[in-house]
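**Q** The structure is given below, and queries will be raised subsequently.
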Amino acid sequence: MTVRAARESEATARAAPPAPRVVPAVIAATVTAGLLLFWLPLRGVNLEGMDGYGLIGVLPVATLAGAALLVLAFMMTLALGRPHRVLLGAQIVLLIATLHGVTLALEPIARFPTAWQTSGFIEYITRNETVSWDLDARFSTPGFFAFVAFLAKAAGQNDLEPILRWAPPITNLMYLLPYVLILRALRAAWRAKWFAAWLFIAANWVGQDYLSPQAFAYLLYLYFVAILVTWFRHHDGTARRRGREPGTRRGVSWRPADLLFGPKDPGELPAAAAPVRERSVLLVLLFVLLLVGTAAHQLTPFLMTAACAGLVLVRRCDLRGLPFIAGVVYAAWVSFMTVGYWASRKGEIFGGLGKIFTNVQQSTGGRISQTSAETADIQTLRILIAVVVVGLAVTGLLRRRARGIDDRVALVLMLVPFSSFGLQNYGGEIALRIYFFMLPAACLLIAYLFFPAPFDTPGVREPKVRRRLGRLRTGPRRHWPAVAAAAVFALLLTGGFLSVRYGNERYEQVREDDVRAYDVMLDRHRGAIGVVWLSAENPDLVGGTPVMPWSYRQWERFTYTPVIANRTDPADVSQIVQRLKEQGPGGFFVTTRSHEDFQVLTAGLAPDYGTRMRAALAGSPEVATVYSTRDAAVFRLKSPPAEPVAQVPRPAGLGMRSSPWTPAGLIYLPVLLGVLLARELRRLRLGPGELRRLRPLTVLAAPLLISVIAVIVERFVVIK
């Protein structure tokens, strides 16, 4: 460094405001105080007092104040002059424990009835060592269930309840690992990256982090994207607008023409340097992630394919053939491995294709309750949070583009999930899944809204760069307004999380007697069990399963028959008795408080409907009480009919079926995948001017691809 440059650097440092005297120890004390305020009052929480607003209505004010202190402590850490990585990382881990683990201190067993159904799938595979496509559609993608069954059996862990209980916080912690890899590949200041990681936890209120195939597949998706953007990122170069550093205020322009078409600097760092052998291993790993993700979940491999294709199209991924590989794997699995399910449900599965506006309406406004104002408020708040997140993310993207930064990776990862609207409504949940998958990019772009700089200005030592940054505030306090604004948003988001994540807790909690009710039925009858359950509406229209831990073990022994509630007279149990007679000797009627609350809040039954119905059943001369507590009850006929006697179905496997062209397809498919994978591996070893050497493999792959597509189409047409 020259003497003149050194003097200029010293002058810049003297002109900067003094550094804030916020000691990390003070922040650590604030975190400790926040934790004590959050957790200690939870011992006195009475969940029986919950109304339609869920958990937020019974949380103590001190607990909410503790959550606010934790938020402010993190923002104070962002205001420091340099990143304290240990302190920042510890606070994010504690955020996971508080937001995603609060029910661990309030509920004695694992929450969420659907999580218990996952246990049923795993128990079935562990016991039978196979699947049965005719029991449930989820057996058509059994990869996750088989994987957990293998691990549980190897570890000798027969009771999955502790795993179900701890899965949400552990899953969110696992999500951070690939997300950090993604953040490391981006050109952003340290405050933006750490705030994005914090937002990724605080904005994930969707509740898809329980022990489930979608949670597992989402983890695979994050690793898939992380590998693509870290080691296979195509780069157009840096600082294409000569004469200034990228992202400086001197070049900010909000003119529409500049935002859309002006020259931009890449928002990503150059791809990590790696030898060909290492990149080849990573490519094979990507292929394995595709295979496992496809076998584990039906939606995630589509988004893997779309994300990879999008990155290729915007010149941010070098693996141009990988989208074809992913598409072939996905289409082949659906055609060959899930045929038992789709063969008789083509209209149900493919009926939503292209119905974008219908799918949007059914998964947003169509989910708002028309019977409970409290439940409707929670559902509306979920939509509002999603809209705000998208709006702020778009604003953050525009702010970076105004600075001349082109964040193509973030843009693609945010837009790709919206393509799912063209598939189907996914049981009315497609909007939730889209929000879930766009979160990684949306959180990053929101962080850019508050901290848009592509680098940390105080760390720049080059004298020429410092002169070009002369018009910028370079003191440590220049970030305070942005940190303050981010803190306001973070506080609002945390309050929103606690409201909407646990807004359905009145019926999403699982009580010990709920599980015991199913144990009682299994103990009382050795054969097939016909469960009769109460539905306030037509279950064919609103979904045909009770809100209970149904079939959490011995899955194949249960069948479920709904009975429509008599809204005017809860004491009229004649329809329940009739349905029990139709079930034969294995008929039981089961009800739980959580299920009754669900019917009250979402279907408008009277609040005392369940109590009056139970009293009528207990007093009926035809009905015997098998099990009864405040939380759950099981009834059966005193003299059940001897017929019909249902048979417990045997495992049916994946239900694979053949067609005239299927044998040829089973030969062409592995050959095609081998050729396509070999072609991509070969591409990694070639220079820019040697791509013509790929032509032999391309010529070989083309007829194989056409043949496989023809077989897939033929199977969909022929198999009934």
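Following the order of the structure tokens, chains are lettered A, B, ..., residues in each are numbered from 1, and ligands are numbered from 1.
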Using only C-alpha atoms, which protein or nucleic acid residues come within 8 Å of A:Ala28? Drop anything in the same chain fewer than 3 positions from it, and give the result as a VMD selection string.
**A** chain A and resid 24 to 25 31 to 32 73 87
**Q** Write out as a ChimeraX atom specification each polymer residue whose atoms come within 12 Å of A:Ser620, counting only C-alpha atoms; drop sequence neighbours fewer than 3 positions from it.
**A** /A:571-574,576-577,613-617,623-625,635-638
**Q** Against stretch 640-657 of chain A, which residues of stretch 304-344 of chain A fall within 9 Å? For each one I want the closest pair of atoms and the distance in Å (one decimal), counting only C-alpha atoms, rows by chain and increasing residue number, as JSON lines.
**A**
```
{"residue": "A:Phe336", "atom": "CA", "partner": "A:Met656", "partner_atom": "CA", "distance": 6.6}
{"residue": "A:Met337", "atom": "CA", "partner": "A:Met656", "partner_atom": "CA", "distance": 6.2}
{"residue": "A:Thr338", "atom": "CA", "partner": "A:Leu654", "partner_atom": "CA", "distance": 6.8}
{"residue": "A:Val339", "atom": "CA", "partner": "A:Met656", "partner_atom": "CA", "distance": 6.0}
{"residue": "A:Gly340", "atom": "CA", "partner": "A:Gly655", "partner_atom": "CA", "distance": 4.5}
{"residue": "A:Tyr341", "atom": "CA", "partner": "A:Gly655", "partner_atom": "CA", "distance": 7.8}
```
**Q** Go through A:Ile434, A:Leu319, A:Ala606, A:Ile182 and flag the residue nearest A:Leu303, using only C-alpha atoms for the distances.
**A**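 That would be A:Ile434, the residue with the smallest distance to A:Leu303.
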**Q** Identify which of the residues A:Trp190, A:Tyr218, A:Phe287, A:Phe200 lies closest to A:Gly81, counting only C-alpha atoms when measuring atom-to-atom distances.
**A**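 Once distances to A:Gly81 are computed over only C-alpha atoms, the minimum belongs to A:Trp190.
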**Q** Restricting the calculation to only C-alpha atoms, which member of A:Leu282, A:Leu47, A:Leu381, A:Glu508 is positioned closest to A:Arg111?
**A**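 Smallest distance to A:Arg111 is found for A:Glu508.
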**Q** From the options A:Met304, A:Val500, A:Leu492, A:Val634, which residue's atoms come nearest to A:Ala618, counting only C-alpha atoms?
**A** A:Val634
**Q** Could you jot down the atom CA of A:Thr141 to atom CA of A:Pro213 separation for me, Å, one decimal place?
**A**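 These atoms are spaced 8.7 Å apart.
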**Q** To one decimal place, how far is atom CA of A:Lys720 from atom CA of A:Ser335 in Å?
**A**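 We find that atom CA of A:Lys720 and atom CA of A:Ser335 lie 12.5 Å from each other.
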**Q** From the list A:Leu449, A:Ile109, A:Leu673, A:Ala373, which residue is nearest A:Val389 when using only C-alpha atoms?
**A**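 The answer is A:Leu449, which sits nearest to A:Val389.
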**Q** Just the helix (DSSP H, G or I) stuff from stretch 467-689 of chain A, please, per backbone DSSP, written as a PyMOL selection string.
**A** chain A and resi 467-468+476-500+505-508+512-524+539-542+555-557+574-582+584-586+593-603+609-619+662-684+688-689
